[in-house]
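Below is my_file-v5.txt, holding compact mmCIF, C-alpha atoms and all ligand atoms.
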# COMPACT_ATOMS: atom_id res chain seq x y z
CA MET A 846 14.17 14.31 14.59
CA SER A 847 15.64 11.76 12.18
CA ASP A 848 15.08 12.54 8.50
CA SER A 849 13.99 8.92 8.04
CA ALA A 850 10.32 8.13 8.50
CA ILE A 851 10.77 4.35 8.23
CA ARG A 852 13.91 2.28 7.76
CA LEU A 853 13.82 -1.38 6.80
CA CYS A 854 17.02 -3.32 7.40
CA GLY A 855 17.21 -6.80 5.88
CA VAL A 856 13.47 -7.31 6.23
CA GLY A 857 12.00 -10.68 5.30
CA VAL A 858 8.43 -11.95 5.46
CA ALA A 859 7.69 -15.66 5.21
CA PHE A 860 4.31 -17.25 4.66
CA PRO A 861 3.65 -20.90 5.47
CA MET A 862 3.38 -23.18 2.44
CA GLN A 863 0.40 -25.44 1.82
CA ARG A 864 -0.04 -28.85 3.47
CA ARG A 865 2.04 -30.87 0.99
CA LEU A 866 5.09 -28.78 1.80
CA MET A 867 4.45 -28.60 5.50
CA GLY A 868 7.26 -26.97 7.43
CA GLN A 869 8.52 -25.03 4.43
CA ARG A 870 8.06 -21.31 4.22
CA PHE A 871 7.76 -19.03 1.24
CA TRP A 872 9.69 -15.79 1.53
CA ALA A 873 7.34 -13.18 0.05
CA LEU A 874 9.91 -10.51 1.01
CA ASP A 875 13.56 -11.20 1.41
CA HIS A 876 16.41 -8.97 2.60
CA ILE A 877 14.68 -5.68 1.87
CA ASP A 878 16.60 -2.55 2.81
CA LEU A 879 14.82 0.76 2.47
CA ASP A 880 15.27 4.22 3.93
CA LEU A 881 12.01 6.12 3.47
CA LYS A 882 12.68 9.77 4.28
CA HIS A 883 10.08 12.25 5.47
CA GLY A 884 8.43 13.81 2.44
CA ASN A 885 9.59 11.09 0.01
CA LYS A 886 7.25 10.10 -2.79
CA LEU A 887 8.22 6.51 -3.39
CA GLY A 888 6.68 4.31 -6.06
CA VAL A 889 6.88 0.51 -5.96
CA ILE A 890 6.82 -1.58 -9.13
CA GLY A 891 7.16 -5.25 -9.92
CA ARG A 892 5.29 -8.07 -11.58
CA ASN A 893 2.24 -9.80 -10.07
CA GLY A 894 3.20 -11.60 -6.89
CA ALA A 895 6.50 -9.71 -6.57
CA GLY A 896 5.79 -8.70 -2.97
CA LYS A 897 4.59 -5.11 -3.37
CA SER A 898 1.43 -5.39 -1.26
CA THR A 899 3.29 -7.38 1.37
CA LEU A 900 5.85 -4.57 1.54
CA LEU A 901 3.09 -1.99 2.08
CA ARG A 902 1.58 -4.14 4.83
CA VAL A 903 4.97 -4.35 6.55
CA LEU A 904 5.42 -0.58 6.24
CA ALA A 905 1.92 -0.09 7.69
CA GLY A 906 2.72 -2.36 10.64
CA ALA A 907 -0.08 -4.72 9.62
CA ILE A 908 2.36 -7.64 9.51
CA GLU A 909 5.54 -8.16 11.47
CA PRO A 910 8.64 -9.21 9.58
CA ASP A 911 10.06 -12.67 10.27
CA ARG A 912 13.55 -11.37 9.74
CA GLY A 913 15.32 -8.01 9.90
CA GLU A 914 14.50 -4.78 11.63
CA ILE A 915 12.12 -1.82 11.20
CA ILE A 916 12.99 1.57 12.65
CA ARG A 917 10.12 4.03 12.78
CA CYS A 918 10.16 7.76 13.30
CA HIS A 919 6.73 8.93 12.22
CA GLY A 920 3.31 9.75 13.58
CA SER A 921 0.11 8.42 12.07
CA ILE A 922 0.28 6.02 9.14
CA GLN A 923 -2.47 4.78 6.87
CA LEU A 924 -2.66 2.00 4.36
CA LEU A 925 -5.12 2.69 1.57
CA ALA A 926 -5.94 -0.55 -0.21
CA ILE A 927 -8.90 -2.14 -1.97
CA ASN A 928 -9.33 -4.58 0.89
CA LEU A 929 -9.50 -2.00 3.63
CA GLY A 930 -10.36 -4.15 6.61
CA PHE A 931 -13.38 -2.17 7.66
CA VAL A 932 -15.83 -3.64 10.19
CA HIS A 933 -18.79 -4.57 8.02
CA TYR A 934 -21.58 -4.26 10.57
CA LEU A 935 -20.50 -0.73 11.56
CA THR A 936 -21.60 2.39 9.69
CA GLY A 937 -19.31 4.42 7.46
CA ARG A 938 -19.14 7.05 10.21
CA ASP A 939 -18.19 4.54 12.93
CA ASN A 940 -15.64 2.91 10.64
CA ALA A 941 -14.13 6.32 9.97
CA ILE A 942 -13.80 6.94 13.71
CA LEU A 943 -12.38 3.47 14.39
CA SER A 944 -9.95 3.67 11.52
CA GLY A 945 -8.78 7.12 12.63
CA LEU A 946 -8.23 5.90 16.21
CA LEU A 947 -6.28 2.89 14.94
CA GLN A 948 -4.07 5.21 12.94
CA GLY A 949 -3.22 7.17 16.06
CA PHE A 950 -5.50 10.22 15.70
CA ASP A 951 -7.35 11.51 18.75
CA ARG A 952 -11.13 11.37 18.76
CA ARG A 953 -11.61 15.15 18.68
CA THR A 954 -9.47 15.47 15.53
CA ILE A 955 -11.38 12.68 13.83
CA GLU A 956 -14.76 14.13 14.77
CA SER A 957 -13.75 17.55 13.46
CA LYS A 958 -13.12 15.94 10.07
CA LEU A 959 -16.11 13.63 9.86
CA GLU A 960 -18.32 15.98 7.87
CA ARG A 961 -15.56 16.59 5.32
CA ILE A 962 -14.97 12.84 5.04
CA ALA A 963 -18.70 12.29 4.47
CA GLU A 964 -18.87 15.10 1.93
CA PHE A 965 -15.79 14.01 0.00
CA SER A 966 -17.03 10.41 -0.14
CA GLY A 967 -20.35 11.50 -1.65
CA LEU A 968 -22.01 8.66 0.25
CA GLY A 969 -24.90 10.84 1.42
CA ARG A 970 -27.18 9.06 3.87
CA PHE A 971 -25.23 5.83 3.34
CA PHE A 972 -22.48 7.31 5.52
CA ASP A 973 -24.70 6.38 8.47
CA GLN A 974 -25.57 2.92 7.15
CA PRO A 975 -23.62 -0.27 7.91
CA ILE A 976 -21.02 -0.80 5.23
CA ASN A 977 -22.32 -4.28 4.47
CA THR A 978 -25.00 -2.34 2.55
CA TYR A 979 -22.30 -0.67 0.37
CA SER A 980 -21.11 -1.63 -3.08
CA SER A 981 -17.37 -2.29 -3.38
CA GLY A 982 -16.98 1.12 -5.08
CA MET A 983 -18.68 2.80 -2.11
CA VAL A 984 -16.33 1.05 0.35
CA SER A 985 -13.35 2.25 -1.70
CA ARG A 986 -14.73 5.79 -1.72
CA LEU A 987 -15.00 5.74 2.07
CA GLY A 988 -11.39 4.54 2.42
CA PHE A 989 -10.11 7.06 -0.07
CA SER A 990 -11.97 9.92 1.59
CA LEU A 991 -10.58 8.94 4.98
CA ALA A 992 -7.02 8.94 3.66
CA MET A 993 -7.46 12.31 1.97
CA GLN A 994 -9.07 14.08 4.93
CA LEU A 995 -7.22 12.56 7.91
CA GLU A 996 -3.82 13.41 6.42
CA PRO A 997 -1.66 10.76 8.08
CA ASP A 998 2.09 11.46 8.29
CA VAL A 999 2.72 8.47 6.05
CA LEU A 1000 0.23 7.45 3.40
CA LEU A 1001 0.60 4.03 1.77
CA ILE A 1002 -1.49 3.53 -1.36
CA ASP A 1003 -2.06 0.15 -2.97
CA GLU A 1004 -3.48 0.51 -6.49
CA THR A 1005 -6.56 2.48 -5.59
CA LEU A 1006 -6.14 5.35 -7.97
CA SER A 1007 -9.19 4.55 -10.03
CA VAL A 1008 -11.85 4.03 -7.37
CA GLY A 1009 -15.47 4.94 -7.96
CA ASP A 1010 -17.19 6.40 -10.97
CA ALA A 1011 -15.80 8.97 -13.43
CA GLU A 1012 -16.79 11.97 -11.32
CA PHE A 1013 -15.21 10.54 -8.16
CA ARG A 1014 -12.10 9.47 -10.09
CA GLU A 1015 -11.58 13.04 -11.24
CA LYS A 1016 -12.03 14.36 -7.72
CA SER A 1017 -9.77 11.66 -6.24
CA SER A 1018 -6.95 12.13 -8.72
CA LYS A 1019 -6.96 15.88 -8.00
CA ALA A 1020 -6.84 15.21 -4.24
CA LEU A 1021 -4.08 12.67 -4.74
CA ARG A 1022 -2.06 15.06 -6.85
CA GLU A 1023 -2.25 17.53 -3.94
CA LYS A 1024 -0.85 14.86 -1.62
CA PHE A 1025 2.06 14.29 -3.94
CA ASP A 1026 2.67 18.04 -4.13
CA SER A 1027 2.62 18.34 -0.33
CA ASP A 1028 5.35 17.42 2.15
CA GLN A 1029 3.51 14.27 3.22
CA THR A 1030 5.39 10.96 2.95
CA VAL A 1031 3.70 8.79 0.33
CA VAL A 1032 4.36 5.28 -0.95
CA LEU A 1033 2.43 4.22 -4.03
CA VAL A 1034 2.17 0.71 -5.46
CA SER A 1035 1.05 0.79 -9.07
CA HIS A 1036 1.31 -1.02 -12.39
CA ASN A 1037 0.81 2.25 -14.23
CA ASP A 1038 4.16 3.55 -15.53
CA SER A 1039 2.96 7.02 -16.42
CA THR A 1040 1.32 7.55 -13.01
CA LEU A 1041 4.51 6.44 -11.28
CA SER A 1042 6.79 8.63 -13.34
CA ARG A 1043 4.43 11.61 -12.97
CA LEU A 1044 3.96 11.36 -9.19
CA CYS A 1045 7.02 9.68 -7.68
CA ASP A 1046 10.56 10.94 -7.26
CA ARG A 1047 12.04 7.49 -6.58
CA LEU A 1048 10.99 3.99 -7.49
CA LEU A 1049 11.69 0.67 -5.85
CA TRP A 1050 11.52 -2.31 -8.19
CA VAL A 1051 10.84 -5.61 -6.40
CA GLU A 1052 10.82 -9.07 -7.94
CA HIS A 1053 10.36 -12.41 -6.17
CA GLY A 1054 10.41 -10.55 -2.86
CA ARG A 1055 13.78 -8.97 -3.49
CA SER A 1056 14.80 -5.41 -4.19
CA ILE A 1057 16.14 -5.22 -7.75
CA MET A 1058 16.68 -1.48 -8.10
CA LEU A 1059 16.00 1.72 -6.18
CA GLY A 1060 16.58 5.09 -7.78
CA PRO A 1061 15.18 7.98 -9.82
CA ALA A 1062 11.77 7.06 -11.26
CA ASP A 1063 12.68 7.34 -14.94
CA GLU A 1064 15.86 5.26 -14.61
CA VAL A 1065 14.12 2.46 -12.72
CA LEU A 1066 11.20 2.46 -15.15
CA GLU A 1067 13.52 2.17 -18.11
CA SER A 1068 15.32 -0.85 -16.64
CA TYR A 1069 12.00 -2.41 -15.66
CA ARG A 1070 10.58 -1.95 -19.16
CA ARG A 1071 13.74 -3.40 -20.70
CA SER A 1072 13.47 -6.43 -18.43
CA ASN A 1073 9.79 -6.87 -19.37
CA ALA A 1074 10.70 -6.67 -23.06
CA ASP A 1075 13.23 -9.47 -22.48
CA GLU A 1076 10.45 -11.36 -20.67
CA GLN A 1077 13.02 -12.83 -18.34
CA PRO A 1078 12.36 -11.81 -14.75
CA PRO A 1079 15.58 -11.50 -12.74
CA SER A 1080 16.31 -14.84 -11.11
CA ARG A 1081 16.61 -15.51 -7.42
CA ASP A 1082 18.10 -18.44 -5.67
CA LEU A 1083 15.24 -19.21 -3.29
CA PRO A 1084 12.68 -21.88 -4.21
CA LEU A 1085 9.37 -20.71 -5.63
CA PRO A 1086 6.19 -22.78 -5.65
CA SER A 1087 6.08 -24.94 -8.77
CA GLU A 1088 3.12 -24.86 -11.14
CA ASP A 1089 1.49 -28.01 -9.79
CA ASP A 1090 1.61 -26.85 -6.19
CA GLU A 1091 -1.85 -26.20 -4.78
CA LEU A 1092 -2.59 -22.51 -4.38
N1 LIG A 1101 -1.36 -14.35 3.41
C1 LIG A 1101 -0.57 -14.98 2.54
N2 LIG A 1101 -0.31 -16.31 2.68
C2 LIG A 1101 0.49 -16.95 1.81
N3 LIG A 1101 1.10 -16.34 0.76
C3 LIG A 1101 0.87 -15.04 0.58
C4 LIG A 1101 0.03 -14.29 1.44
N4 LIG A 1101 0.00 -13.00 1.00
C5 LIG A 1101 0.78 -12.96 -0.09
N5 LIG A 1101 1.30 -14.17 -0.35
C6 LIG A 1101 2.22 -14.51 -1.44
O1 LIG A 1101 3.32 -13.61 -1.36
C7 LIG A 1101 3.72 -13.23 -2.67
C8 LIG A 1101 3.68 -11.71 -2.77
O2 LIG A 1101 2.32 -11.29 -2.74
P1 LIG A 1101 1.94 -9.76 -2.88
O3 LIG A 1101 0.46 -9.67 -2.74
O4 LIG A 1101 2.77 -8.97 -1.95
O5 LIG A 1101 2.38 -9.47 -4.38
P2 LIG A 1101 2.14 -8.16 -5.27
O6 LIG A 1101 3.46 -7.75 -5.82
O7 LIG A 1101 1.39 -7.13 -4.50
O8 LIG A 1101 1.25 -8.75 -6.44
P3 LIG A 1101 0.14 -8.06 -7.40
O9 LIG A 1101 0.85 -7.10 -8.31
O10 LIG A 1101 -0.40 -9.22 -8.14
O11 LIG A 1101 -0.88 -7.41 -6.51
C9 LIG A 1101 2.80 -13.93 -3.66
O12 LIG A 1101 3.44 -15.08 -4.11
C10 LIG A 1101 1.60 -14.30 -2.80
O13 LIG A 1101 1.02 -15.50 -3.27
How does the structure come out when it is put into structure tokens?
Amino acid sequence: MSDSAIRLCGVGVAFPMQRRLMGQRFWALDHIDLDLKHGNKLGVIGRNGAGKSTLLRVLAGAIEPDRGEIIRCHGSIQLLAINLGFVHYLTGRDNAILSGLLQGFDRRTIESKLERIAEFSGLGRFFDQPINTYSSGMVSRLGFSLAMQLEPDVLLIDETLSVGDAEFREKSSKALREKFDSDQTVVLVSHNDSTLSRLCDRLLWVEHGRSIMLGPADEVLESYRRSNADEQPPSRDLPLPSEDDEL
């Protein structure tokens, strides 16, 4: 088996621009090359709108690139994000089953883990209620519990480290730490420098959809901090929406 879990070669993702600029496209990701090896703990940093979440969605297979190539050599993959895409009229239990099936797990495996998912989530009887009766914190807890118990080959985490109340946060950060200590492949998007340097072996810094630097966490963080202190984001030659463009 290849030692790469996912390879991105020159990947670009374009979104259509608003009506006034009809026909033009905005490249949210542009020429991204990445070789994510099995067992890597990769952090992704960059300013707001840099393209981090788009990158995770591409890695998850939730969006297809408009340019470039993706080579995959992994089993199940899960994207853990605030906006989890659950089906709101289904119960927590049914969403757990559906989500597990969509990630490539067989039904028997999912069912064998349902009680642990329910227990970890702390949702109690709400686990069997439709999730449109949940608070946003409860939805996040369900998603987090799923990711922790189903153990996908590749886990992609988008800024969900502080879900739920204090007690759940403590439990979730312990579970997450175990993931980072395991041989699972994990990609973490975060704005928290200390979390990234503590948990990740390599960091990818993206800005304006482009890869600026990929390397050991502390080196990348230092360059990123220096660039923030200069308050001059690295330039790119592609057009960005101007301030008076409609959002
Ligand atoms: N569905 C979409 N349609 C149009 N533009 C989009 C869409 N999704 C993202 N974008 C744009 O792509 C760019 C990258 O967005 P993305 O959410 O990946 O950034 P990010 O680095 O995760 O930002 P943040 O740190 O603020 O979460 C932004 O300019 C955003 O406006």
**Expected residue set, 12 Å radius at (1.3, 4.0, -14.7), all atoms listed in the file, as a ChimeraX atom specification** = /A:888-891,1004,1006-1007,1033-1045,1062-1063,1066,1070
**Message:** Which residues are close to A:Ser898, i.e. within 12 Å by only C-alpha atoms, leaving aside same-chain residues fewer than 4 positions away? Reply as a ChimeraX atom specification.
**Reply:** /A:858,873-874,889-894,902-905,907-908,924-928,1001-1004,1032-1036,1051,1054
Using only C-alpha atoms, which protein or nucleic acid residues come within 12 Å of A:Asp875? Drop anything in the same chain fewer than 2 positions from it, and give the result as a CSV table (one decimal) with C-alpha atoms, keeping the file's coordinate frame.
chain,number,residue,atom,x,y,z
A,853,LEU,CA,13.8,-1.4,6.8
A,854,CYS,CA,17.0,-3.3,7.4
A,855,GLY,CA,17.2,-6.8,5.9
A,856,VAL,CA,13.5,-7.3,6.2
A,857,GLY,CA,12.0,-10.7,5.3
A,858,VAL,CA,8.4,-12.0,5.5
A,859,ALA,CA,7.7,-15.7,5.2
A,860,PHE,CA,4.3,-17.2,4.7
A,870,ARG,CA,8.1,-21.3,4.2
A,871,PHE,CA,7.8,-19.0,1.2
A,872,TRP,CA,9.7,-15.8,1.5
A,873,ALA,CA,7.3,-13.2,0.0
A,877,ILE,CA,14.7,-5.7,1.9
A,878,ASP,CA,16.6,-2.6,2.8
A,895,ALA,CA,6.5,-9.7,-6.6
A,896,GLY,CA,5.8,-8.7,-3.0
A,897,LYS,CA,4.6,-5.1,-3.4
A,899,THR,CA,3.3,-7.4,1.4
A,900,LEU,CA,5.8,-4.6,1.5
A,910,PRO,CA,8.6,-9.2,9.6
A,911,ASP,CA,10.1,-12.7,10.3
A,912,ARG,CA,13.6,-11.4,9.7
A,913,GLY,CA,15.3,-8.0,9.9
A,1051,VAL,CA,10.8,-5.6,-6.4
A,1052,GLU,CA,10.8,-9.1,-7.9
A,1053,HIS,CA,10.4,-12.4,-6.2
A,1054,GLY,CA,10.4,-10.6,-2.9
A,1055,ARG,CA,13.8,-9.0,-3.5
A,1056,SER,CA,14.8,-5.4,-4.2
A,1057,ILE,CA,16.1,-5.2,-7.8
A,1081,ARG,CA,16.6,-15.5,-7.4
A,1082,ASP,CA,18.1,-18.4,-5.7
A,1083,LEU,CA,15.2,-19.2,-3.3
**Request:** Find the spatial neighbours of A:Leu995, counting all atoms listed in the file, within a cut-off of 10 Å - ignore same-chain residues fewer than 3 positions away - and output them as a list in words.
**Result:** Ser921, Gln923, Ala941, Ser944, Gly945, Gln948, Phe950, Thr954, Ile955, Ser957, Lys958, Leu959, Arg961, Ile962, Ser990, Leu991, Ala992 and Asp998 of chain A
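With distances restricted to only C-alpha atoms and all ligand atoms, A:Pro861 is the closest residue to ligand LIG 1101 (chain A) from A:Gly969, A:Pro1061, A:Pro861, A:Gly949.
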Axis-aligned box over every listed atom of stretch 963-973 of chain A, padded by 6 Å per side: centre and edges in Å to one decimal, as AutoDock Vina command-line options?
--center_x -21.5 --center_y 10.5 --center_z 3.4 --size_x 23.4 --size_y 21.3 --size_z 22.1
